[in-house]
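> File protein.csv follows (CSV, C-alpha atoms):
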```csv
chain,number,residue,atom,x,y,z
A,1,MET,CA,7.6,17.3,-29.0
A,2,THR,CA,7.8,14.5,-26.4
A,3,ASP,CA,10.3,11.9,-27.4
A,4,THR,CA,8.9,8.4,-26.5
A,5,ALA,CA,11.3,6.3,-28.7
A,6,ALA,CA,13.1,4.8,-25.7
A,7,LEU,CA,9.8,3.9,-24.0
A,8,GLU,CA,8.4,2.4,-27.2
A,9,ALA,CA,11.5,0.2,-27.4
A,10,ASN,CA,10.7,-0.9,-23.9
A,11,GLY,CA,7.1,-2.1,-24.5
A,12,TRP,CA,5.1,1.1,-24.4
A,13,ALA,CA,2.8,1.8,-27.3
A,14,LYS,CA,1.4,5.1,-28.4
A,15,THR,CA,-2.3,5.2,-29.0
A,16,PRO,CA,-3.2,5.7,-32.7
A,17,ASP,CA,-4.0,9.4,-32.1
A,18,GLY,CA,-0.7,9.9,-30.3
A,19,THR,CA,-2.2,11.3,-27.1
A,20,ALA,CA,-1.4,8.4,-24.7
A,21,LEU,CA,1.1,5.7,-23.9
A,22,GLU,CA,0.0,2.2,-22.9
A,23,LYS,CA,1.7,-0.8,-21.5
A,24,THR,CA,0.7,-4.0,-19.8
A,25,PHE,CA,2.8,-5.2,-16.9
A,26,LYS,CA,2.7,-8.8,-15.7
A,27,PHE,CA,3.9,-10.1,-12.3
A,28,ALA,CA,4.2,-13.4,-10.6
A,29,ASN,CA,1.0,-13.0,-8.7
A,30,PHE,CA,-1.5,-10.4,-7.2
A,31,VAL,CA,0.7,-9.5,-4.3
A,32,GLU,CA,3.6,-8.6,-6.6
A,33,ALA,CA,1.3,-6.6,-8.9
A,34,PHE,CA,-0.1,-4.7,-6.0
A,35,GLY,CA,3.4,-4.0,-4.6
A,36,PHE,CA,4.3,-2.5,-7.9
A,37,MET,CA,1.1,-0.4,-7.9
A,38,THR,CA,1.9,0.9,-4.4
A,39,ARG,CA,5.3,2.1,-5.3
A,40,ALA,CA,4.1,3.6,-8.5
A,41,ALA,CA,1.2,5.3,-6.7
A,42,ILE,CA,3.7,7.0,-4.3
A,43,HIS,CA,5.8,8.2,-7.3
A,44,ALA,CA,2.6,9.3,-9.2
A,45,GLU,CA,1.4,11.4,-6.3
A,46,LYS,CA,4.8,12.9,-5.8
A,47,LEU,CA,4.8,14.0,-9.5
A,48,ASN,CA,1.2,15.0,-9.1
A,49,HIS,CA,0.6,13.0,-12.3
A,50,HIS,CA,-1.6,10.0,-12.0
A,51,PRO,CA,-2.0,6.9,-14.3
A,52,GLU,CA,-5.2,5.4,-15.6
A,53,TRP,CA,-4.7,1.8,-14.7
A,54,PHE,CA,-6.6,-1.4,-14.7
A,55,ASN,CA,-5.6,-4.4,-12.5
A,56,VAL,CA,-6.8,-8.0,-12.5
A,57,TYR,CA,-4.8,-10.5,-10.5
A,58,ASN,CA,-1.1,-10.4,-11.7
A,59,LYS,CA,-1.8,-7.9,-14.6
A,60,VAL,CA,-1.6,-4.1,-14.6
A,61,GLU,CA,-2.6,-2.2,-17.7
A,62,VAL,CA,-1.4,1.3,-17.6
A,63,ARG,CA,-2.4,4.3,-19.8
A,64,LEU,CA,-0.6,7.6,-19.4
A,65,THR,CA,-1.7,10.9,-20.8
A,66,THR,CA,-1.6,14.6,-19.8
A,67,HIS,CA,-5.1,15.8,-19.5
A,68,ASP,CA,-4.1,19.5,-19.2
A,69,THR,CA,-2.4,19.5,-22.7
A,70,GLY,CA,-4.6,16.8,-24.3
A,71,GLY,CA,-1.5,14.8,-25.2
A,72,LEU,CA,1.8,13.5,-24.0
A,73,SER,CA,4.2,15.5,-21.9
A,74,GLU,CA,7.4,15.0,-20.1
A,75,LEU,CA,5.4,13.9,-17.0
A,76,ASP,CA,4.2,10.9,-18.9
A,77,VAL,CA,7.7,10.0,-19.9
A,78,LYS,CA,8.9,10.4,-16.4
A,79,LEU,CA,6.2,8.2,-14.9
A,80,ALA,CA,6.6,5.6,-17.6
A,81,THR,CA,10.3,5.5,-17.0
A,82,THR,CA,9.8,5.2,-13.2
A,83,MET,CA,7.3,2.4,-13.7
A,84,ASP,CA,9.7,0.4,-15.9
A,85,LYS,CA,12.4,0.7,-13.2
A,86,LEU,CA,9.9,-0.4,-10.5
A,87,ALA,CA,8.8,-3.4,-12.5
A,88,GLY,CA,12.4,-4.3,-12.8
B,1,MET,CA,-28.6,-18.5,-6.3
B,2,THR,CA,-26.4,-15.6,-5.1
B,3,ASP,CA,-28.5,-12.9,-3.4
B,4,THR,CA,-27.3,-9.5,-4.4
B,5,ALA,CA,-30.3,-7.4,-3.5
B,6,ALA,CA,-28.6,-5.7,-0.5
B,7,LEU,CA,-25.6,-4.9,-2.7
B,8,GLU,CA,-27.8,-3.5,-5.5
B,9,ALA,CA,-29.5,-1.3,-3.0
B,10,ASN,CA,-26.1,0.0,-2.1
B,11,GLY,CA,-25.0,1.0,-5.6
B,12,TRP,CA,-23.8,-2.2,-7.1
B,13,ALA,CA,-25.2,-3.1,-10.5
B,14,LYS,CA,-25.4,-6.5,-12.1
B,15,THR,CA,-24.1,-6.7,-15.7
B,16,PRO,CA,-26.9,-7.5,-18.2
B,17,ASP,CA,-25.9,-11.2,-18.4
B,18,GLY,CA,-25.9,-11.4,-14.6
B,19,THR,CA,-22.4,-12.7,-14.3
B,20,ALA,CA,-20.7,-9.7,-12.6
B,21,LEU,CA,-21.3,-6.9,-10.2
B,22,GLU,CA,-20.0,-3.4,-10.8
B,23,LYS,CA,-19.7,-0.3,-8.8
B,24,THR,CA,-17.8,3.0,-9.1
B,25,PHE,CA,-16.3,4.4,-5.9
B,26,LYS,CA,-15.3,8.1,-5.6
B,27,PHE,CA,-13.0,9.5,-3.0
B,28,ALA,CA,-11.7,13.0,-2.1
B,29,ASN,CA,-8.4,12.5,-4.0
B,30,PHE,CA,-5.9,10.0,-5.3
B,31,VAL,CA,-4.4,9.2,-1.9
B,32,GLU,CA,-7.8,8.3,-0.4
B,33,ALA,CA,-8.6,6.2,-3.5
B,34,PHE,CA,-5.3,4.3,-3.2
B,35,GLY,CA,-5.8,3.9,0.6
B,36,PHE,CA,-9.1,2.2,-0.2
B,37,MET,CA,-7.4,0.0,-2.8
B,38,THR,CA,-4.7,-1.1,-0.4
B,39,ARG,CA,-7.1,-2.2,2.3
B,40,ALA,CA,-9.3,-3.9,-0.3
B,41,ALA,CA,-6.3,-5.6,-1.8
B,42,ILE,CA,-5.4,-7.1,1.5
B,43,HIS,CA,-8.9,-8.4,2.0
B,44,ALA,CA,-9.0,-9.7,-1.6
B,45,GLU,CA,-5.8,-11.7,-1.2
B,46,LYS,CA,-7.0,-13.0,2.1
B,47,LEU,CA,-10.2,-14.3,0.4
B,48,ASN,CA,-8.1,-15.4,-2.5
B,49,HIS,CA,-10.7,-13.6,-4.7
B,50,HIS,CA,-9.5,-10.6,-6.7
B,51,PRO,CA,-11.3,-7.7,-8.2
B,52,GLU,CA,-11.0,-6.4,-11.8
B,53,TRP,CA,-10.6,-2.7,-11.1
B,54,PHE,CA,-9.7,0.5,-12.8
B,55,ASN,CA,-8.4,3.6,-11.1
B,56,VAL,CA,-7.9,7.1,-12.3
B,57,TYR,CA,-7.2,9.8,-9.8
B,58,ASN,CA,-10.1,9.7,-7.2
B,59,LYS,CA,-12.2,7.1,-8.9
B,60,VAL,CA,-12.1,3.3,-8.6
B,61,GLU,CA,-14.3,1.3,-10.9
B,62,VAL,CA,-14.8,-2.3,-9.6
B,63,ARG,CA,-16.0,-5.4,-11.4
B,64,LEU,CA,-16.5,-8.6,-9.4
B,65,THR,CA,-17.1,-12.0,-10.9
B,66,THR,CA,-16.2,-15.6,-10.1
B,67,HIS,CA,-14.2,-17.0,-13.0
B,68,ASP,CA,-14.3,-20.6,-11.7
B,69,THR,CA,-18.1,-20.7,-12.0
B,70,GLY,CA,-18.6,-18.2,-14.8
B,71,GLY,CA,-20.9,-16.1,-12.6
B,72,LEU,CA,-21.5,-14.6,-9.2
B,73,SER,CA,-20.7,-16.4,-6.0
B,74,GLU,CA,-20.7,-15.8,-2.3
B,75,LEU,CA,-17.1,-14.6,-2.6
B,76,ASP,CA,-18.3,-11.7,-4.8
B,77,VAL,CA,-20.9,-10.8,-2.2
B,78,LYS,CA,-18.3,-11.0,0.5
B,79,LEU,CA,-15.7,-8.8,-1.3
B,80,ALA,CA,-18.4,-6.3,-2.4
B,81,THR,CA,-19.7,-6.0,1.2
B,82,THR,CA,-16.2,-5.6,2.5
B,83,MET,CA,-15.4,-2.8,-0.1
B,84,ASP,CA,-18.6,-1.0,0.9
B,85,LYS,CA,-17.5,-1.0,4.6
B,86,LEU,CA,-14.0,0.2,3.7
B,87,ALA,CA,-15.3,3.0,1.5
B,88,GLY,CA,-17.7,3.8,4.4
C,1,MET,CA,10.1,28.5,16.8
C,2,THR,CA,7.8,25.7,15.7
C,3,ASP,CA,4.4,26.0,17.3
C,4,THR,CA,3.1,22.6,18.3
C,5,ALA,CA,0.4,23.7,20.7
C,6,ALA,CA,-2.5,22.6,18.4
C,7,LEU,CA,-0.8,19.2,17.9
C,8,GLU,CA,-0.2,18.7,21.6
C,9,ALA,CA,-3.9,19.4,22.2
C,10,ASN,CA,-4.6,16.6,19.7
C,11,GLY,CA,-2.6,13.9,21.4
C,12,TRP,CA,1.0,14.6,20.2
C,13,ALA,CA,3.6,14.8,22.9
C,14,LYS,CA,7.0,16.5,22.7
C,15,THR,CA,9.9,14.4,23.8
C,16,PRO,CA,11.6,15.8,27.0
C,17,ASP,CA,14.4,17.4,24.9
C,18,GLY,CA,11.9,19.0,22.7
C,19,THR,CA,13.4,17.6,19.5
C,20,ALA,CA,10.6,15.2,18.5
C,21,LEU,CA,6.8,14.7,18.4
C,22,GLU,CA,5.3,11.4,19.3
C,23,LYS,CA,1.8,9.9,19.0
C,24,THR,CA,0.3,6.5,19.1
C,25,PHE,CA,-2.6,5.8,16.7
C,26,LYS,CA,-5.0,2.9,17.3
C,27,PHE,CA,-7.2,1.4,14.6
C,28,ALA,CA,-9.9,-1.3,14.5
C,29,ASN,CA,-7.5,-3.9,13.1
C,30,PHE,CA,-4.3,-4.5,11.2
C,31,VAL,CA,-5.9,-3.7,7.8
C,32,GLU,CA,-7.1,-0.3,8.9
C,33,ALA,CA,-3.7,0.5,10.5
C,34,PHE,CA,-1.9,-0.4,7.3
C,35,GLY,CA,-4.4,1.6,5.2
C,36,PHE,CA,-3.4,4.6,7.4
C,37,MET,CA,0.3,3.9,6.9
C,38,THR,CA,-0.1,3.6,3.2
C,39,ARG,CA,-1.8,7.0,2.9
C,40,ALA,CA,0.6,8.6,5.3
C,41,ALA,CA,3.6,7.1,3.4
C,42,ILE,CA,2.4,8.7,0.2
C,43,HIS,CA,2.1,12.1,1.9
C,44,ALA,CA,5.5,11.6,3.6
C,45,GLU,CA,7.3,10.9,0.4
C,46,LYS,CA,5.6,13.9,-1.3
C,47,LEU,CA,6.9,16.1,1.5
C,48,ASN,CA,10.2,14.3,1.4
C,49,HIS,CA,9.9,14.0,5.1
C,50,HIS,CA,9.6,10.6,6.6
C,51,PRO,CA,8.4,9.3,10.0
C,52,GLU,CA,10.0,6.9,12.3
C,53,TRP,CA,7.2,4.6,13.0
C,54,PHE,CA,6.5,1.3,14.7
C,55,ASN,CA,3.5,-0.9,14.0
C,56,VAL,CA,2.1,-4.0,15.7
C,57,TYR,CA,-1.3,-5.2,14.7
C,58,ASN,CA,-3.7,-2.2,15.1
C,59,LYS,CA,-1.3,0.2,16.7
C,60,VAL,CA,1.0,2.7,14.9
C,61,GLU,CA,3.5,4.6,17.1
C,62,VAL,CA,4.9,7.7,15.3
C,63,ARG,CA,7.9,9.8,16.0
C,64,LEU,CA,8.5,12.9,14.0
C,65,THR,CA,11.7,15.0,14.0
C,66,THR,CA,13.8,16.9,11.4
C,67,HIS,CA,17.2,15.3,11.3
C,68,ASP,CA,18.7,18.2,9.2
C,69,THR,CA,18.0,20.7,12.0
C,70,GLY,CA,18.2,18.4,15.0
C,71,GLY,CA,14.8,19.4,16.1
C,72,LEU,CA,11.3,20.2,15.1
C,73,SER,CA,10.4,22.0,11.9
C,74,GLU,CA,7.3,23.0,10.0
C,75,LEU,CA,7.6,19.7,8.1
C,76,ASP,CA,6.9,17.8,11.3
C,77,VAL,CA,3.9,20.0,12.0
C,78,LYS,CA,2.7,19.4,8.4
C,79,LEU,CA,3.1,15.7,8.5
C,80,ALA,CA,1.6,15.4,12.0
C,81,THR,CA,-1.4,17.4,10.9
C,82,THR,CA,-1.8,15.3,7.8
C,83,MET,CA,-1.7,12.1,9.9
C,84,ASP,CA,-4.3,13.4,12.2
C,85,LYS,CA,-6.6,14.1,9.2
C,86,LEU,CA,-5.9,10.6,7.8
C,87,ALA,CA,-6.7,8.9,11.0
C,88,GLY,CA,-9.9,10.8,11.1
D,1,MET,CA,10.7,-27.3,18.4
D,2,THR,CA,10.8,-24.6,15.7
D,3,ASP,CA,13.8,-24.9,13.5
D,4,THR,CA,15.2,-21.5,12.7
D,5,ALA,CA,18.7,-22.5,11.5
D,6,ALA,CA,18.0,-21.7,7.8
D,7,LEU,CA,16.6,-18.3,8.8
D,8,GLU,CA,19.6,-17.6,11.1
D,9,ALA,CA,21.9,-18.4,8.2
D,10,ASN,CA,19.9,-15.7,6.3
D,11,GLY,CA,20.4,-12.9,8.7
D,12,TRP,CA,17.7,-13.5,11.3
D,13,ALA,CA,18.8,-13.5,14.9
D,14,LYS,CA,17.0,-15.1,17.8
D,15,THR,CA,16.5,-12.9,20.9
D,16,PRO,CA,18.5,-14.1,23.9
D,17,ASP,CA,15.4,-15.7,25.5
D,18,GLY,CA,14.7,-17.5,22.2
D,19,THR,CA,11.2,-16.2,22.0
D,20,ALA,CA,11.5,-13.9,18.9
D,21,LEU,CA,13.3,-13.6,15.6
D,22,GLU,CA,14.7,-10.2,14.5
D,23,LYS,CA,16.1,-8.9,11.2
D,24,THR,CA,16.8,-5.5,9.7
D,25,PHE,CA,16.1,-5.0,6.0
D,26,LYS,CA,17.6,-2.2,4.1
D,27,PHE,CA,16.4,-0.9,0.8
D,28,ALA,CA,17.4,1.7,-1.8
D,29,ASN,CA,15.0,4.3,-0.5
D,30,PHE,CA,11.7,4.9,1.3
D,31,VAL,CA,9.5,3.9,-1.6
D,32,GLU,CA,11.2,0.5,-2.0
D,33,ALA,CA,11.0,0.0,1.8
D,34,PHE,CA,7.3,0.7,1.8
D,35,GLY,CA,6.7,-1.4,-1.2
D,36,PHE,CA,8.3,-4.3,0.7
D,37,MET,CA,6.1,-3.5,3.7
D,38,THR,CA,2.9,-3.5,1.6
D,39,ARG,CA,3.6,-6.9,0.2
D,40,ALA,CA,4.6,-8.3,3.6
D,41,ALA,CA,1.5,-6.8,5.1
D,42,ILE,CA,-0.7,-8.6,2.6
D,43,HIS,CA,1.0,-11.9,3.4
D,44,ALA,CA,0.9,-11.2,7.2
D,45,GLU,CA,-2.9,-10.6,7.1
D,46,LYS,CA,-3.4,-13.7,5.0
D,47,LEU,CA,-1.4,-15.8,7.6
D,48,ASN,CA,-3.3,-13.9,10.3
D,49,HIS,CA,0.2,-13.4,11.9
D,50,HIS,CA,1.5,-9.9,12.1
D,51,PRO,CA,5.0,-8.6,12.6
D,52,GLU,CA,6.2,-6.0,15.0
D,53,TRP,CA,8.1,-3.7,12.7
D,54,PHE,CA,9.8,-0.3,12.8
D,55,ASN,CA,10.5,1.8,9.7
D,56,VAL,CA,12.6,4.9,9.2
D,57,TYR,CA,13.3,5.9,5.6
D,58,ASN,CA,14.9,2.9,3.8
D,59,LYS,CA,15.2,0.6,6.9
D,60,VAL,CA,12.7,-1.9,8.2
D,61,GLU,CA,13.4,-3.6,11.5
D,62,VAL,CA,11.3,-6.7,12.0
D,63,ARG,CA,10.5,-8.7,15.1
D,64,LEU,CA,8.5,-11.9,14.9
D,65,THR,CA,7.1,-13.9,17.7
D,66,THR,CA,3.9,-15.8,18.4
D,67,HIS,CA,2.1,-14.2,21.3
D,68,ASP,CA,-0.3,-17.1,21.8
D,69,THR,CA,2.5,-19.5,22.6
D,70,GLY,CA,4.9,-17.0,24.1
D,71,GLY,CA,7.6,-18.1,21.7
D,72,LEU,CA,8.4,-19.0,18.1
D,73,SER,CA,6.1,-21.0,16.0
D,74,GLU,CA,5.9,-22.2,12.4
D,75,LEU,CA,4.0,-19.0,11.6
D,76,ASP,CA,7.1,-17.0,12.4
D,77,VAL,CA,9.2,-19.2,10.2
D,78,LYS,CA,6.7,-18.9,7.4
D,79,LEU,CA,6.4,-15.1,7.6
D,80,ALA,CA,10.2,-14.7,7.9
D,81,THR,CA,10.8,-16.9,4.9
D,82,THR,CA,8.2,-14.9,2.9
D,83,MET,CA,9.8,-11.6,3.9
D,84,ASP,CA,13.2,-12.8,2.7
D,85,LYS,CA,11.7,-13.8,-0.6
D,86,LEU,CA,10.0,-10.4,-1.0
D,87,ALA,CA,13.1,-8.5,-0.1
D,88,GLY,CA,14.8,-10.5,-2.9
```
Once you've parsed the file, please lay out its structure as structure tokens.


Amino acid sequence: MTDTAALEANGWAKTPDGTALEKTFKFANFVEAFGFMTRAAIHAEKLNHHPEWFNVYNKVEVRLTTHDTGGLSELDVKLATTMDKLAG
Amino acid sequence: MTDTAALEANGWAKTPDGTALEKTFKFANFVEAFGFMTRAAIHAEKLNHHPEWFNVYNKVEVRLTTHDTGGLSELDVKLATTMDKLAG
Amino acid sequence: MTDTAALEANGWAKTPDGTALEKTFKFANFVEAFGFMTRAAIHAEKLNHHPEWFNVYNKVEVRLTTHDTGGLSELDVKLATTMDKLAG
Amino acid sequence: MTDTAALEANGWAKTPDGTALEKTFKFANFVEAFGFMTRAAIHAEKLNHHPEWFNVYNKVEVRLTTHDTGGLSELDVKLATTMDKLAG
């Protein structure tokens, strides 16, 4: 099973059905939010694992799930951990 | 009143209450979708008018509205028109 | 040996010592140039092979070489080919 | 005259002829370097004042000048100051 305890301690929440992780990132302004998205996008493409994400101004809402398995996988943990590092 | 007829002919839909414009853009893959978002982000910041947008893989769902006026404005028309050109 | 004939037919030039490929891309404006760079950057990181590139306004000068081997490799051909596709 | 003392104290160097400011930024890796460039690009376009910049891997060499006046202007100071903030 995918261990998400460390991520949950860092602000990620599992959806009620346990198939996805969600977190909202807030930045100083739109430029900072988009700088985060650009760096996260590069990492996502490199992992070949892409987020579902919504942005408005300084806010980025992220939802991670692994469509192939219908649930969470190590790729979600890896991308979530990377995003936390990028957001500093 | 803000004239959105040309945009509606180009795939934008007004929300039922008339306060926002929505369109879903599809690209060949994630990299193309994010390339579109980057260029649109630069234009958005330049206009100081930012989209609400959701991305997953090759899909970008955009919602434009003008919070200051609680409805559509020329800024929405301008950003929508720019996005259509970028997605070209 | 790395075959660069197709690339040279498409505007890439080998440096006199044969260790690098160079091409200058021109776009309509800065935003288009940076949109190209963003998409190329994602591909570069995915290949773990990065360009030397210079940008001013609508112009992007690219130099590709493989530092590990001190010359051209298949990675340069791959990144050059990808960049040509992106620049469309 | 354009006052660049604060920038020079922060790592920017005037070219011998006094017409440009130069600085090399270094980051942890390519992704961080490109994240910086993306945010700087958005600010540059907003100012309608664009850098001459060279990137290889984690390094970004920037040169700022104002072509219209053939020397330095307040726009260079503004963009340089913004870049310093972005690079944190």

> Measure the distance from CA of Arg63 (chain D) to CA of Thr24 (chain D) in Å and round it to one decimal.

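Taking CA of Arg63 (chain D) and CA of Thr24 (chain D), their separation equals 8.9 Å.
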
> Please identify all residues of chain C having at least one atom at most 7 Å from any atom of chain A, considering only C-alpha atoms, and return them as JSON, numbers by chain.

{"C": [42, 45, 46]}

> Could you give me, as an NGL selection string, the residues that sit within 12 Å of (3.2, -9.7, -9.8) in the file's coordinates, counting only C-alpha atoms?

(:A and (24-38 or 55-60 or 86-88)) or (:D and (39 or 86))

> Which value, in Å to one decimal, gives the distance between CA of Trp53 (chain D) and CA of His50 (chain B)?

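About the pair CA of Trp53 (chain D) and CA of His50 (chain B): they are 27.1 Å apart.
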
> Need to verify the contact set: region 2-7 of chain B, 10 Å, all atoms listed in the file, exclusion of same-chain residues closer than 5 positions in sequence. Can you return it as a ChimeraX atom specification?

/B:12-14,21-23,71-77,80-81,84

> Quick check, in Å to one decimal: how far apart do CA of His49 (chain B) and CA of Asp17 (chain B) lie?

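If I compute the distance from CA of His49 (chain B) to CA of Asp17 (chain B), I get 20.6 Å.
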
> Which of these residues is nearest to His67 (chain C), using all atoms listed in the file: C:Thr82, C:Thr19, C:Ala40, C:Gly11?

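Result for the nearest residue to His67 (chain C): C:Thr19.
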